[in-house]
Amino acid sequence: MRLLCFCLLILCSVISHGQDARKVSCRFVYLGGTGPPPPLLNVLDKGTEVTCSIPTHTFSEPVVCCAKGNVISLVSSDQRRPMAAARIPESVTAAILVLMPAEQPAAPAPWRVLVIEDSVKNFPDGGGFVVNLYSQDIRCTIGEKTLILKAGSDHGFARPTTRDAFNMAPVIFQFQQNDSWRTASETLLRFVPGMRSLMFADLNPVSARLSITTFQDFMPVAGMPPLKSSPAPAHPAIPPTAPLR
């Protein structure tokens, strides 16, 4: 009986280990700071190694990373030092990973990661997604719709129905000063089918005012790129950043 229990324990451990690591289609982008990190590596214990480029003005090409225990770990390509970690919800199979400088100098890794599920729910066709990283509530107008976003919250929006002949619609971001709303950014943005927008509202460290950063790209196509493998040494684990969405 003890032998049977022992065998079942080993079997359950093997099954659990096999299910522990899973593939996640990731697109990377860098936000804020003095400069983006060099390409990072996603490494698993058994030597699977994936190079992850971190562009500054657009999303990276889709890369299939491995989440172990629902965590994607990123290390430097030279010394395999821990650089960032992101917790991926179990239901998420595709995500946008936004790398930002760590908030504290003594953080276990120099980069923190915001995880946004890359789905139609968050990015309707021709629409987009707004993230409020500002310390206060903001008010944003996108086309004909106006909404107030609490600090630390986010919202997906559909393609504006009111557009000009060039598919442009107004996008306005405001912050509250005393009892009135002050405009921080007002522009026209193009909204076309097959394209999406990701907007961040954050504090500009130079002007100490609300700043807006917008990324636009085309909707991803079905399918994920192949996973490339090569031997790689083990590396110490770091606490993952909690997902944003």
# chains A, B, ... in the order shown; residues from 1 in each chain; ligands from 1
$ select_by_dssp --residues "stretch 17-162 of chain A" --states "strand (DSSP E or B)" --output "ChimeraX atom specification"
/A:21-30,40-43,49-52,63-68,71-76,82-87,94-101,111-117,128-132,138-142,145-149,154-157
$ residues_around --residues "stretch 196-211 of chain A" --least-positions-apart "3" --cutoff "9 Å" --atoms "only C-alpha atoms" --output "MDAnalysis selection string"
chainID A and resid 31:32 123:135 138 159 173:175 184:185 191:193 214:219
$ write_last_selection --atoms "C-alpha atoms" --output "mmCIF file, in the first residue's frame"
data_model
loop_
_atom_site.group_PDB
_atom_site.id
_atom_site.type_symbol
_atom_site.label_atom_id
_atom_site.label_comp_id
_atom_site.auth_asym_id
_atom_site.auth_seq_id
_atom_site.Cartn_x
_atom_site.Cartn_y
_atom_site.Cartn_z
ATOM 1 C CA LEU A 31 7.567 52.509 -21.494
ATOM 2 C CA GLY A 32 9.399 55.308 -19.671
ATOM 3 C CA PHE A 123 -8.716 45.522 -27.978
ATOM 4 C CA PRO A 124 -11.898 45.653 -30.078
ATOM 5 C CA ASP A 125 -11.226 45.870 -33.815
ATOM 6 C CA GLY A 126 -10.209 49.434 -34.613
ATOM 7 C CA GLY A 127 -10.415 50.398 -30.930
ATOM 8 C CA GLY A 128 -7.916 50.247 -28.127
ATOM 9 C CA PHE A 129 -7.040 50.181 -24.461
ATOM 10 C CA VAL A 130 -6.295 52.964 -21.948
ATOM 11 C CA VAL A 131 -4.162 52.476 -18.824
ATOM 12 C CA ASN A 132 -4.067 55.101 -16.074
ATOM 13 C CA LEU A 133 -0.672 54.980 -14.350
ATOM 14 C CA TYR A 134 -1.170 58.495 -13.011
ATOM 15 C CA SER A 135 -1.560 59.023 -9.268
ATOM 16 C CA ILE A 138 -8.160 61.242 -15.239
ATOM 17 C CA ARG A 159 -13.672 52.162 -32.527
ATOM 18 C CA PHE A 173 -6.920 63.544 -21.750
ATOM 19 C CA GLN A 174 -7.577 65.747 -18.730
ATOM 20 C CA PHE A 175 -6.463 65.859 -15.109
ATOM 21 C CA ALA A 184 -3.075 67.670 -20.701
ATOM 22 C CA SER A 185 -3.304 66.310 -24.236
ATOM 23 C CA PHE A 191 -8.928 54.558 -36.061
ATOM 24 C CA VAL A 192 -9.184 52.003 -38.868
ATOM 25 C CA PRO A 193 -10.268 48.344 -38.940
ATOM 26 C CA THR A 214 0.291 56.033 -27.447
ATOM 27 C CA PHE A 215 1.285 52.874 -29.297
ATOM 28 C CA GLN A 216 -0.512 51.754 -32.452
ATOM 29 C CA ASP A 217 -0.140 48.554 -34.434
ATOM 30 C CA PHE A 218 -2.130 46.070 -36.451
ATOM 31 C CA MET A 219 -4.175 43.335 -34.833
#
$ residues_around --residues "stretch 53-61 of chain A" --least-positions-apart "6" --cutoff "9 Å" --atoms "only C-alpha atoms" --output "NGL selection string"
:A and (26-32 or 35-41 or 96 or 98-99 or 214-217)
$ closest_residue --among "A:Asn122, A:Gln104, A:Asn178, A:Gln79" --to "A:Gly156" --atoms "only C-alpha atoms"
A:Asn122
